[in-house]
>>> print(open('run_0.cif').read())   # mmCIF, C-alpha atoms
data_query
loop_
_atom_site.label_atom_id
_atom_site.label_comp_id
_atom_site.auth_asym_id
_atom_site.auth_seq_id
_atom_site.Cartn_x
_atom_site.Cartn_y
_atom_site.Cartn_z
CA MET A 178 -18.45 -31.69 -10.87
CA PHE A 179 -18.43 -30.68 -7.24
CA LEU A 180 -15.81 -33.28 -6.36
CA LYS A 181 -13.41 -32.00 -8.99
CA ILE A 182 -12.51 -28.83 -7.07
CA PRO A 183 -8.97 -29.29 -5.75
CA ALA A 184 -8.72 -29.32 -1.97
CA ALA A 185 -6.26 -26.42 -1.87
CA SER A 186 -8.49 -24.12 -3.91
CA LEU A 187 -11.45 -24.98 -1.71
CA ARG A 188 -9.46 -24.15 1.39
CA LEU A 189 -8.26 -20.93 -0.17
CA ALA A 190 -11.85 -19.94 -0.88
CA VAL A 191 -12.95 -20.82 2.66
CA PHE A 192 -10.17 -18.85 4.33
CA VAL A 193 -10.50 -15.86 2.00
CA ILE A 194 -14.21 -15.68 2.74
CA ALA A 195 -13.50 -16.08 6.45
CA SER A 196 -11.02 -13.18 6.31
CA VAL A 197 -13.42 -10.93 4.44
CA VAL A 198 -16.26 -11.73 6.85
CA LEU A 199 -14.00 -11.09 9.82
CA MET A 200 -12.81 -7.77 8.42
CA THR A 201 -16.38 -6.70 7.74
CA ILE A 202 -17.47 -7.53 11.27
CA ASP A 203 -14.39 -5.87 12.74
CA HIS A 204 -14.96 -2.72 10.71
CA ARG A 205 -18.72 -2.40 11.20
CA GLN A 206 -19.36 -3.76 14.67
CA HIS A 207 -17.31 -4.60 17.70
CA HIS A 208 -18.27 -8.21 18.24
CA VAL A 209 -14.79 -9.56 17.48
CA GLU A 210 -13.14 -7.39 20.12
CA THR A 211 -13.18 -10.41 22.47
CA VAL A 212 -11.32 -12.49 19.86
CA ARG A 213 -8.74 -9.76 19.53
CA SER A 214 -8.43 -9.52 23.29
CA ALA A 215 -7.88 -13.28 23.57
CA LEU A 216 -5.30 -13.31 20.76
CA SER A 217 -3.47 -10.38 22.34
CA VAL A 218 -2.50 -12.74 25.16
CA VAL A 219 -0.74 -14.89 22.54
CA VAL A 220 1.16 -11.99 20.99
CA TYR A 221 1.98 -10.25 24.28
CA PRO A 222 5.12 -12.41 24.81
CA PHE A 223 6.51 -11.17 21.47
CA GLN A 224 5.95 -7.58 22.50
CA TYR A 225 7.41 -8.27 25.91
CA LEU A 226 10.52 -9.90 24.44
CA VAL A 227 11.09 -7.08 21.98
CA ASN A 228 10.70 -4.56 24.80
CA LEU A 229 13.02 -6.47 27.13
CA PRO A 230 16.40 -5.18 25.81
CA VAL A 231 15.15 -1.59 26.10
CA GLU A 232 14.02 -2.20 29.66
CA MET A 233 17.27 -3.91 30.56
CA GLY A 234 19.24 -1.05 29.04
CA GLN A 235 17.33 1.36 31.23
CA TRP A 236 17.90 -0.82 34.26
CA VAL A 237 21.65 -0.85 33.57
CA VAL A 238 21.70 2.92 33.09
CA ASN A 239 19.74 3.35 36.32
CA SER A 240 22.03 1.13 38.35
CA LEU A 241 25.23 2.65 37.00
CA VAL A 242 24.19 6.22 37.62
CA THR A 243 26.50 8.02 40.05
CA ARG A 244 25.59 9.30 43.48
CA GLU A 245 26.45 12.82 42.40
CA SER A 246 24.07 12.90 39.51
CA LEU A 247 21.35 11.37 41.69
CA LEU A 248 21.85 14.11 44.24
CA LYS A 249 21.71 16.70 41.50
CA GLU A 250 18.54 15.23 40.09
CA ASN A 251 17.04 15.01 43.55
CA ALA A 252 17.73 18.68 44.16
CA ARG A 253 16.20 19.59 40.82
CA LEU A 254 13.11 17.51 41.51
CA ARG A 255 12.74 19.04 44.99
CA GLU A 256 12.81 22.48 43.44
CA GLU A 257 10.29 21.46 40.84
CA HIS A 258 8.11 19.89 43.50
CA LEU A 259 8.15 23.08 45.54
CA LEU A 260 7.23 25.16 42.52
CA LEU A 261 4.41 22.82 41.51
CA SER A 262 3.06 22.59 45.06
CA SER A 263 2.89 26.35 45.37
CA LYS A 264 1.12 26.48 42.03
CA LEU A 265 -1.23 23.75 43.17
CA GLN A 266 -2.20 25.72 46.28
CA LYS A 267 -3.38 28.50 44.06
CA PHE A 268 -5.19 26.03 41.82
CA ALA A 269 -6.91 24.39 44.77
CA ALA A 270 -8.37 27.72 45.80
CA LEU A 271 -9.33 28.48 42.21
CA GLU A 272 -10.92 25.05 41.83
CA VAL A 273 -13.14 25.56 44.85
CA GLU A 274 -14.06 29.01 43.68
CA ASN A 275 -14.79 27.72 40.19
CA GLN A 276 -16.96 24.95 41.55
CA ARG A 277 -18.88 27.39 43.72
CA LEU A 278 -19.48 29.70 40.79
CA ASN A 279 -20.54 26.77 38.64
CA GLU A 280 -22.94 25.67 41.33
CA LEU A 281 -24.39 29.15 41.35
CA LEU A 282 -24.85 28.82 37.60
CA GLU A 283 -26.21 25.29 38.07
CA SER A 284 -23.80 23.95 35.48
CA SER A 285 -22.22 20.54 35.84
CA PHE A 286 -18.49 21.09 35.73
CA LYS A 287 -16.66 18.38 37.62
CA VAL A 288 -13.00 18.00 38.36
CA GLY A 289 -10.92 15.18 39.73
CA GLU A 290 -10.48 11.93 37.84
CA ARG A 291 -8.80 8.68 38.81
CA VAL A 292 -5.54 8.08 36.95
CA LEU A 293 -3.02 5.26 36.57
CA VAL A 294 0.51 5.40 35.19
CA ALA A 295 1.25 3.06 32.29
CA GLU A 296 4.45 2.49 30.39
CA LEU A 297 4.96 2.29 26.65
CA LEU A 298 6.25 -0.92 25.14
CA ALA A 299 9.03 -0.34 22.62
CA VAL A 300 7.28 -2.02 19.72
CA GLU A 301 6.34 -0.60 16.36
CA LEU A 302 2.94 -1.18 14.85
CA GLU A 303 1.69 -0.77 11.31
CA ARG A 304 3.63 2.15 9.84
CA PHE A 305 0.69 4.13 8.50
CA GLN A 306 -1.26 4.13 11.74
CA ARG A 307 -0.38 6.22 14.75
CA GLN A 308 -0.77 3.64 17.47
CA ILE A 309 1.23 2.65 20.53
CA VAL A 310 1.16 -0.29 22.94
CA ILE A 311 1.07 0.21 26.71
CA ASN A 312 1.67 -2.30 29.48
CA LYS A 313 -1.71 -1.97 31.23
CA GLY A 314 -4.78 -3.92 30.22
CA SER A 315 -8.18 -5.02 31.42
CA ARG A 316 -6.58 -6.58 34.52
CA GLU A 317 -5.87 -3.05 35.73
CA GLY A 318 -9.33 -1.90 34.70
CA ALA A 319 -8.50 -0.30 31.35
CA PHE A 320 -11.38 -0.25 28.89
CA ASN A 321 -12.04 0.47 25.24
CA GLY A 322 -12.27 4.18 24.55
CA GLN A 323 -10.39 5.16 27.68
CA PRO A 324 -8.57 8.51 27.40
CA VAL A 325 -4.78 8.48 27.65
CA VAL A 326 -2.85 11.63 28.59
CA ASP A 327 0.73 12.55 29.36
CA ALA A 328 2.18 15.39 31.42
CA ALA A 329 1.53 17.93 28.68
CA GLY A 330 -1.82 16.98 27.21
CA ILE A 331 -4.13 14.42 25.68
CA MET A 332 -2.36 11.63 23.78
CA GLY A 333 -5.22 9.50 22.51
CA GLN A 334 -7.57 6.73 23.48
CA ILE A 335 -7.45 2.97 23.92
CA VAL A 336 -8.80 1.13 20.90
CA HIS A 337 -8.01 -2.49 21.73
CA VAL A 338 -7.75 -3.70 25.29
CA GLY A 339 -6.21 -7.05 26.21
CA PRO A 340 -5.63 -8.59 29.63
CA PHE A 341 -2.00 -7.46 29.89
CA SER A 342 -1.58 -4.74 27.29
CA SER A 343 -3.63 -2.27 25.31
CA THR A 344 -3.32 -0.50 21.98
CA VAL A 345 -3.70 3.27 22.06
CA MET A 346 -4.68 5.29 19.02
CA LEU A 347 -2.96 8.67 19.11
CA ILE A 348 -4.85 11.87 18.33
CA THR A 349 -2.71 12.26 15.20
CA ASP A 350 -3.99 9.01 13.62
CA ALA A 351 -5.78 9.70 10.37
CA SER A 352 -8.99 8.13 11.67
CA HIS A 353 -9.07 9.94 15.00
CA ALA A 354 -11.13 12.99 15.89
CA ILE A 355 -11.51 14.77 19.21
CA PRO A 356 -13.99 17.52 20.14
CA VAL A 357 -12.09 20.59 21.31
CA GLN A 358 -12.58 24.23 22.16
CA VAL A 359 -10.32 27.24 22.07
CA ASN A 360 -9.29 27.97 25.64
CA ARG A 361 -9.39 31.74 25.13
CA ASN A 362 -13.01 32.07 24.05
CA GLY A 363 -14.66 28.65 24.11
CA LEU A 364 -14.99 28.38 20.32
CA ARG A 365 -15.81 24.74 19.58
CA ALA A 366 -14.23 22.62 16.84
CA VAL A 367 -13.17 19.10 16.03
CA ALA A 368 -9.45 18.27 15.92
CA ILE A 369 -8.71 15.59 13.35
CA GLY A 370 -5.48 13.66 13.01
CA THR A 371 -3.64 13.78 9.70
CA GLY A 372 -1.43 10.70 10.02
CA ALA A 373 1.64 12.92 10.33
CA THR A 374 3.49 12.80 13.64
CA ASN A 375 2.95 16.34 14.83
CA ASN A 376 -0.04 17.75 13.06
CA LEU A 377 -3.72 18.20 13.80
CA GLU A 378 -6.37 19.85 11.68
CA LEU A 379 -9.26 21.83 13.13
CA GLU A 380 -12.38 21.29 11.07
CA TYR A 381 -15.53 23.32 10.59
CA ILE A 382 -14.25 26.66 11.79
CA PRO A 383 -15.97 29.47 9.88
CA ASN A 384 -13.84 32.04 8.09
CA ASN A 385 -14.85 34.85 10.44
CA ALA A 386 -14.25 32.89 13.65
CA ASP A 387 -12.01 34.35 16.30
CA ILE A 388 -9.02 32.04 16.23
CA ARG A 389 -5.38 33.04 16.11
CA VAL A 390 -1.98 31.45 15.85
CA GLY A 391 -0.80 30.46 19.33
CA ASP A 392 -4.26 29.79 20.77
CA LEU A 393 -4.36 26.86 23.17
CA ILE A 394 -7.01 24.31 22.32
CA VAL A 395 -8.37 22.07 25.08
CA SER A 396 -10.72 19.11 25.08
CA SER A 397 -14.33 20.22 25.33
CA GLY A 398 -15.76 17.06 26.86
CA LEU A 399 -18.47 16.89 24.21
CA GLY A 400 -19.05 13.35 23.08
CA SER A 401 -18.30 12.37 26.70
CA ARG A 402 -15.24 10.34 25.78
CA PHE A 403 -12.46 12.70 26.83
CA PRO A 404 -12.59 14.64 30.11
CA PRO A 405 -13.01 18.39 29.54
CA GLY A 406 -10.23 20.89 30.04
CA TYR A 407 -7.12 18.91 29.11
CA PRO A 408 -4.76 20.62 26.64
CA VAL A 409 -4.86 19.14 23.14
CA GLY A 410 -2.67 21.44 21.10
CA GLN A 411 -1.66 24.87 19.99
CA VAL A 412 -2.76 26.57 16.78
CA THR A 413 0.16 26.93 14.39
CA ARG A 414 -1.49 28.19 11.20
CA VAL A 415 -4.75 29.84 10.22
CA ALA A 416 -5.30 30.07 6.47
CA ILE A 417 -8.42 31.89 5.33
CA ASP A 418 -9.49 31.47 1.74
CA PRO A 419 -12.60 33.54 0.97
CA GLY A 420 -13.67 30.97 -1.59
CA GLU A 421 -13.89 28.21 0.96
CA PRO A 422 -16.68 27.88 3.53
CA PHE A 423 -14.29 27.02 6.38
CA ALA A 424 -10.87 28.24 7.45
CA LYS A 425 -7.92 25.87 7.27
CA VAL A 426 -6.55 25.69 10.79
CA THR A 427 -3.68 23.43 11.80
CA ALA A 428 -2.37 22.77 15.29
CA ILE A 429 0.54 21.02 16.94
CA PRO A 430 -0.31 18.51 19.71
CA SER A 431 0.60 19.53 23.27
CA ALA A 432 1.37 15.98 24.34
CA LYS A 433 4.82 14.66 23.52
CA LEU A 434 3.40 11.95 21.30
CA ASP A 435 6.71 10.58 20.06
CA ARG A 436 8.75 11.16 23.21
CA SER A 437 6.70 10.19 26.25
CA ARG A 438 7.56 6.89 27.84
CA GLU A 439 5.11 7.07 30.72
CA VAL A 440 1.50 7.87 30.07
CA LEU A 441 -1.55 8.28 32.30
CA LEU A 442 -4.77 6.36 31.91
CA VAL A 443 -7.71 8.50 32.97
CA TRP A 444 -11.02 7.25 34.36
CA PRO A 445 -13.50 10.02 33.65
CA GLN A 446 -15.74 10.65 36.58
CA ASP A 447 -18.92 9.06 35.33
CA GLN A 448 -16.99 5.88 34.60
CA THR A 449 -16.18 5.46 38.29
CA GLY A 450 -19.88 5.73 39.00
CA GLU A 451 -19.66 8.81 41.16
CA VAL A 452 -21.38 11.28 38.94
CA ASN A 453 -23.79 10.66 36.17
CA GLN A 454 -24.39 13.70 34.08
CA ALA A 455 -27.83 14.15 32.73
CA PRO A 456 -27.72 14.50 28.96
CA ALA A 457 -29.65 17.77 29.14
CA ASN A 458 -26.97 19.79 30.91
CA SER A 459 -23.88 17.95 29.74
CA GLY A 460 -23.64 20.35 26.84
CA LYS A 461 -20.91 22.82 27.48
CA SER A 462 -18.62 22.73 30.40
CA MET B 761 9.91 -40.48 13.08
CA SER B 762 7.62 -39.03 15.70
CA LEU B 763 10.61 -37.63 17.54
CA ALA B 764 11.98 -36.07 14.37
CA LYS B 765 8.58 -34.56 13.68
CA ARG B 766 8.30 -32.99 17.12
CA GLN B 767 11.76 -31.57 16.77
CA GLY B 768 10.82 -30.18 13.40
CA ASN B 769 7.74 -28.44 14.76
CA TRP B 770 9.94 -26.73 17.28
CA VAL B 771 12.19 -25.28 14.56
CA ILE B 772 9.24 -24.05 12.51
CA LEU B 773 7.60 -22.46 15.54
CA LEU B 774 10.82 -20.76 16.59
CA SER B 775 11.37 -19.30 13.12
CA PHE B 776 7.89 -17.76 13.24
CA VAL B 777 8.42 -16.39 16.76
CA VAL B 778 11.62 -14.67 15.60
CA ALA B 779 9.79 -13.33 12.56
CA PHE B 780 7.04 -11.89 14.78
CA MET B 781 9.62 -10.21 16.97
CA LEU B 782 11.48 -8.74 14.00
CA ASP B 783 8.15 -7.44 12.78
CA VAL B 784 7.61 -5.13 15.77
CA MET B 785 11.26 -4.42 16.57
CA PRO B 786 11.81 -0.66 16.79
CA LEU B 787 13.81 0.61 13.82
CA PRO B 788 15.46 3.98 13.19
CA GLU B 789 13.25 6.50 11.45
CA TRP B 790 14.88 6.11 8.01
CA ALA B 791 14.48 2.32 8.00
CA VAL B 792 10.85 2.12 9.15
CA ASP B 793 9.40 2.27 5.64
CA ALA B 794 11.75 -0.45 4.41
CA ARG B 795 10.97 -3.07 7.08
CA PRO B 796 10.78 -6.43 5.27
CA ALA B 797 7.63 -8.54 5.62
CA TRP B 798 9.33 -11.12 7.83
CA ILE B 799 6.29 -13.30 8.49
CA ALA B 800 5.47 -13.51 4.80
CA LEU B 801 9.06 -14.45 3.93
CA VAL B 802 9.29 -17.23 6.51
CA LEU B 803 5.84 -18.47 5.53
CA ILE B 804 6.82 -18.61 1.85
CA TYR B 805 9.91 -20.60 2.73
CA TRP B 806 8.08 -23.23 4.79
CA CYS B 807 5.26 -23.50 2.25
CA MET B 808 7.87 -24.15 -0.40
CA ALA B 809 9.98 -26.58 1.60
CA LEU B 810 7.31 -28.50 3.52
CA PRO B 811 4.02 -27.95 1.71
CA GLU B 812 2.38 -30.89 3.48
CA ARG B 813 2.99 -29.36 6.91
CA VAL B 814 2.71 -25.60 6.53
CA GLY B 815 -0.24 -24.52 4.46
CA ILE B 816 -3.20 -22.23 4.11
CA GLY B 817 -4.64 -22.87 7.59
CA ILE B 818 -1.41 -21.95 9.33
CA ALA B 819 -1.06 -18.90 7.09
CA TRP B 820 -4.50 -17.72 8.20
CA VAL B 821 -3.75 -18.13 11.90
CA LEU B 822 -0.42 -16.33 11.47
CA GLY B 823 -2.23 -13.52 9.67
CA LEU B 824 -4.71 -13.09 12.51
CA LEU B 825 -1.90 -12.95 15.06
CA LEU B 826 -0.11 -10.39 12.90
CA ASP B 827 -3.30 -8.30 12.75
CA VAL B 828 -3.60 -8.34 16.53
CA LEU B 829 0.10 -7.56 16.92
CA GLU B 830 0.05 -4.61 14.55
CA GLY B 831 -3.40 -3.33 15.41
CA THR B 832 -4.74 -3.56 11.87
CA LEU B 833 -8.20 -4.70 10.82
CA LEU B 834 -8.70 -8.29 11.94
CA GLY B 835 -8.25 -10.33 8.75
CA GLN B 836 -6.23 -7.86 6.69
CA HIS B 837 -2.90 -9.65 6.94
CA ALA B 838 -4.69 -13.01 7.13
CA LEU B 839 -6.16 -12.45 3.66
CA GLY B 840 -2.80 -11.56 2.12
CA LEU B 841 -0.93 -14.43 3.76
CA VAL B 842 -3.58 -16.98 2.74
CA VAL B 843 -3.33 -15.89 -0.89
CA ILE B 844 0.48 -16.00 -1.03
CA ALA B 845 0.52 -19.35 0.78
CA TYR B 846 -1.88 -20.72 -1.82
CA ILE B 847 0.21 -19.47 -4.76
CA THR B 848 3.40 -20.84 -3.19
CA LEU B 849 1.76 -24.23 -2.60
CA GLN B 850 0.59 -24.39 -6.22
CA THR B 851 4.02 -23.54 -7.63
CA HIS B 852 6.39 -25.02 -5.05
CA ARG B 853 7.60 -27.90 -7.24
CA ARG B 854 8.84 -25.54 -9.94
CA VAL B 855 10.05 -22.69 -7.73
CA ARG B 856 11.97 -24.93 -5.37
CA VAL B 857 14.53 -25.74 -8.04
CA PHE B 858 14.86 -22.24 -9.45
CA PRO B 859 18.16 -20.41 -8.98
CA LEU B 860 18.06 -18.14 -5.93
CA LEU B 861 17.90 -14.91 -7.90
CA GLN B 862 14.92 -16.08 -9.89
CA GLN B 863 13.24 -17.18 -6.68
CA ALA B 864 13.88 -13.75 -5.22
CA VAL B 865 12.12 -12.09 -8.14
CA LEU B 866 9.10 -14.37 -7.66
CA VAL B 867 9.06 -13.64 -3.94
CA GLY B 868 9.12 -9.93 -4.75
CA LEU B 869 6.08 -10.38 -6.99
CA LEU B 870 4.26 -12.34 -4.27
CA LEU B 871 4.94 -9.56 -1.78
CA LEU B 872 3.68 -6.94 -4.21
CA LEU B 873 0.44 -8.91 -4.36
CA TYR B 874 0.38 -9.12 -0.56
CA LEU B 875 0.85 -5.36 -0.24
CA LEU B 876 -1.74 -4.72 -2.95
CA LEU B 877 -4.36 -6.76 -1.06
CA ALA B 878 -3.62 -4.82 2.14
CA LEU B 879 -3.82 -1.55 0.20
CA TRP B 880 -7.25 -2.49 -1.16
CA VAL B 881 -8.50 -3.33 2.31
CA MET B 882 -7.21 -0.04 3.72
CA GLY B 883 -8.70 1.84 0.78
CA ILE B 884 -12.09 0.23 1.34
CA VAL B 885 -12.20 1.10 5.04
CA GLY B 886 -11.23 4.68 4.24
CA ARG B 887 -7.57 5.10 5.02
CA PRO B 888 -5.97 5.33 1.57
CA ILE B 889 -2.20 5.56 1.32
CA GLY B 890 -0.65 7.67 -1.39
CA GLN B 891 3.04 7.19 -0.85
CA TRP B 892 5.47 5.31 -3.04
CA SER B 893 7.35 4.15 0.04
CA TYR B 894 4.39 1.86 0.77
CA TRP B 895 5.86 -0.61 -1.75
CA LEU B 896 9.40 -0.57 -0.34
CA PRO B 897 8.97 -3.73 1.83
CA ALA B 898 8.55 -5.79 -1.36
CA LEU B 899 11.95 -4.59 -2.57
CA THR B 900 13.78 -5.15 0.72
CA SER B 901 12.16 -8.56 1.16
CA MET B 902 13.26 -9.51 -2.35
CA VAL B 903 16.83 -8.49 -1.57
CA LEU B 904 16.77 -10.44 1.69
CA TRP B 905 15.22 -13.58 0.24
CA PRO B 906 18.42 -15.47 -0.75
CA TRP B 907 19.83 -14.96 2.72
CA ILE B 908 16.64 -16.07 4.47
CA PHE B 909 16.35 -19.05 2.15
CA ILE B 910 19.88 -20.22 2.94
CA VAL B 911 19.54 -19.68 6.71
CA LEU B 912 16.25 -21.53 6.95
CA ARG B 913 17.43 -24.31 4.64
CA ASP B 914 20.51 -24.90 6.77
CA LEU B 915 18.39 -24.91 9.90
CA ARG B 916 16.01 -27.36 8.30
CA ARG B 917 18.83 -29.69 7.28
CA LYS B 918 20.64 -29.42 10.60
CA TYR B 919 17.57 -30.34 12.67
CA ASN B 920 16.33 -32.75 10.05
CA VAL B 921 12.90 -31.19 9.67
CA SER B 922 10.91 -33.07 7.09
#
>>> encode(input="run_0.cif", output="structure tokens")
Amino acid sequence: MFLKIPAASLRLAVFVIASVVLMTIDHRQHHVETVRSALSVVVYPFQYLVNLPVEMGQWVVNSLVTRESLLKENARLREEHLLLSSKLQKFAALEVENQRLNELLESSFKVGERVLVAELLAVELERFQRQIVINKGSREGAFNGQPVVDAAGIMGQIVHVGPFSSTVMLITDASHAIPVQVNRNGLRAVAIGTGATNNLELEYIPNNADIRVGDLIVSSGLGSRFPPGYPVGQVTRVAIDPGEPFAKVTAIPSAKLDRSREVLLVWPQDQTGEVNQAPANSGKS
Amino acid sequence: MSLAKRQGNWVILLSFVVAFMLDVMPLPEWAVDARPAWIALVLIYWCMALPERVGIGIAWVLGLLLDVLEGTLLGQHALGLVVIAYITLQTHRRVRVFPLLQQAVLVGLLLLLYLLLALWVMGIVGRPIGQWSYWLPALTSMVLWPWIFIVLRDLRRKYNVS
């Protein structure tokens, strides 16, 4: 009886069970992350090859650019640099003042994180997930759960890290949530991705809460995954239905999720070992 | 014989590498939903042509690589590819001699099954998909099948893969 099972069916059963077990482990725990990391070395050449024409195109564009346009760009960048530096002077003073005031209040607000520039690889992942691949991995010290930002705001976090590349889940992915607060008044909420490119939903905001269209929402630092104070988005719609317990608030992400080519990896301060916040006063920052 | 076999492995490997690359190649916005399931198509061809060399084990490994490449749940594509490899292996003697159009229809059905398995997995882990465009890859793959079949068959004959 046992010997009558055809070999192919037996193998099918074995591999189907193996797949199901693997999926269960991957979904529930994170033990197979090392397997994924090892396999990412095998698939990195594919990603690299697909990205190569894009990179070469850029290289050609860069080397064919005229002296005139370079001069023009240089002048523009100088101007921008001057503007930003003057702004920064003001911010430096404000930062010191803020820190002093926070010390007076004995709160634990910290600024200054280590960052590293990473570049996007021009590859497309599964079409119903909002994920991107970047060219920095565990060799450069990236880790699972690391926040990723661009010049305008928070982009997402690393979900799979390999030696040479990492996968970043954007804040608009349907399974992503980030704790935020309204910059104007500190009202806390959770911003949840919808799976659409440029849309976030703010959950659990009561109907009578003070939130308006145009409010800037920033990361609150609760959950100690994202550093506090980075812009996340701007409120675009507040719909209040008296029959519902919570208001329906949507926001547009600040980061240029579908346009940025360079992103920044951020090491929050307690990851570098400098500061370790006690859980008691890590509440609001 | 051994030389011919090594040469053959090289052709099979290369076809899968190209399929992997096509799978993550950036496409314009309107074509993203219609991206054919390249790996599945190439796998079906080799399972049909050389069932004693490309089988369920290879399908599983390819699926895992695809999962890592696309960032999906580890095992999601592996499950689908294993099932379609098995069905192709069971039916390869009949399907091999079908006219191309009839083969294409069968391939379309196989890919619907593949997509259905992935949809179940995604539904179970809580990311359900409610768009009709989810099924488009089955259609585009079906349309592409005769072309892929002819290209791979010519490659196989030219390099004498057996």
>>> residues_around(input="run_0.cif", residues="B:Ile816", least_positions_apart="5", cutoff="7 Å", atoms="only C-alpha atoms", output="PyMOL selection string")
(chain A and resi 189) or (chain B and resi 842+845-846)
>>> atom_distance(input="run_0.cif", atom1="atom CA of B:Ile910", atom2="atom CA of A:Val219")
28.9 Å
>>> interface_residues(input="run_0.cif", of="chain A", to="chain B", cutoff="6 Å", atoms="only C-alpha atoms", output="PyMOL selection string")
chain A and resi 193+196+199-200+223+300-303
>>> resolve_selection(input="run_0.cif", expression="the PyMOL selection byres ((chain B and resi 772) around 10)", output="PyMOL selection string")
chain B and resi 767-771+773-777+802-803+806+813-814+912+915-916+921
>>> atom_distance(input="run_0.cif", atom1="atom CA of A:Ser214", atom2="atom CA of A:Leu298")
17.1 Å
>>> resolve_selection(input="run_0.cif", expression="the PyMOL selection byres ((chain A and resi 396) around 6)", output="list in words")
Val357, Val395, Ser397, Gly398, Pro405, Gly406 and Tyr407 of chain A
>>> resolve_selection(input="run_0.cif", expression="the PyMOL selection byres ((chain A and resi 434) around 8)", output="MDAnalysis selection string")
chainID A and resid 332 347 374:375 430 432:433 435:437
>>> atom_distance(input="run_0.cif", atom1="atom CA of A:Glu317", atom2="atom CA of A:Thr349")
25.8 Å
>>> build_atoms(input="run_0.cif", residues="stretch 307-318 of chain A", atoms="N, CA and C atoms", output="PDB file, keeping the file's coordinate frame")
ATOM      1  N   ARG A 307      -1.048   5.663  13.573  1.00  0.00           N
ATOM      2  CA  ARG A 307      -0.380   6.220  14.750  1.00  0.00           C
ATOM      3  C   ARG A 307      -0.935   5.511  15.973  1.00  0.00           C
ATOM      4  N   GLN A 308      -0.312   4.396  16.319  1.00  0.00           N
ATOM      5  CA  GLN A 308      -0.770   3.640  17.470  1.00  0.00           C
ATOM      6  C   GLN A 308       0.424   3.237  18.325  1.00  0.00           C
ATOM      7  N   ILE A 309       0.185   3.099  19.624  1.00  0.00           N
ATOM      8  CA  ILE A 309       1.230   2.650  20.530  1.00  0.00           C
ATOM      9  C   ILE A 309       0.676   1.540  21.413  1.00  0.00           C
ATOM     10  N   VAL A 310       1.580   0.777  22.035  1.00  0.00           N
ATOM     11  CA  VAL A 310       1.160  -0.290  22.940  1.00  0.00           C
ATOM     12  C   VAL A 310       1.611   0.083  24.345  1.00  0.00           C
ATOM     13  N   ILE A 311       0.716  -0.064  25.320  1.00  0.00           N
ATOM     14  CA  ILE A 311       1.070   0.210  26.710  1.00  0.00           C
ATOM     15  C   ILE A 311       0.931  -1.060  27.540  1.00  0.00           C
ATOM     16  N   ASN A 312       1.579  -1.058  28.707  1.00  0.00           N
ATOM     17  CA  ASN A 312       1.670  -2.300  29.480  1.00  0.00           C
ATOM     18  C   ASN A 312       0.555  -2.455  30.514  1.00  0.00           C
ATOM     19  N   LYS A 313      -0.568  -1.785  30.328  1.00  0.00           N
ATOM     20  CA  LYS A 313      -1.710  -1.970  31.230  1.00  0.00           C
ATOM     21  C   LYS A 313      -2.909  -2.444  30.400  1.00  0.00           C
ATOM     22  N   GLY A 314      -3.640  -3.389  30.961  1.00  0.00           N
ATOM     23  CA  GLY A 314      -4.780  -3.920  30.220  1.00  0.00           C
ATOM     24  C   GLY A 314      -6.008  -4.027  31.092  1.00  0.00           C
ATOM     25  N   SER A 315      -6.913  -4.921  30.702  1.00  0.00           N
ATOM     26  CA  SER A 315      -8.180  -5.020  31.420  1.00  0.00           C
ATOM     27  C   SER A 315      -7.988  -5.518  32.853  1.00  0.00           C
ATOM     28  N   ARG A 316      -6.831  -6.164  33.137  1.00  0.00           N
ATOM     29  CA  ARG A 316      -6.580  -6.580  34.520  1.00  0.00           C
ATOM     30  C   ARG A 316      -6.512  -5.378  35.443  1.00  0.00           C
ATOM     31  N   GLU A 317      -5.977  -4.252  34.915  1.00  0.00           N
ATOM     32  CA  GLU A 317      -5.870  -3.050  35.730  1.00  0.00           C
ATOM     33  C   GLU A 317      -7.114  -2.173  35.585  1.00  0.00           C
ATOM     34  N   GLY A 318      -8.090  -2.648  34.822  1.00  0.00           N
ATOM     35  CA  GLY A 318      -9.330  -1.900  34.700  1.00  0.00           C
ATOM     36  C   GLY A 318      -9.406  -0.993  33.483  1.00  0.00           C
TER      37      GLY A 318
END
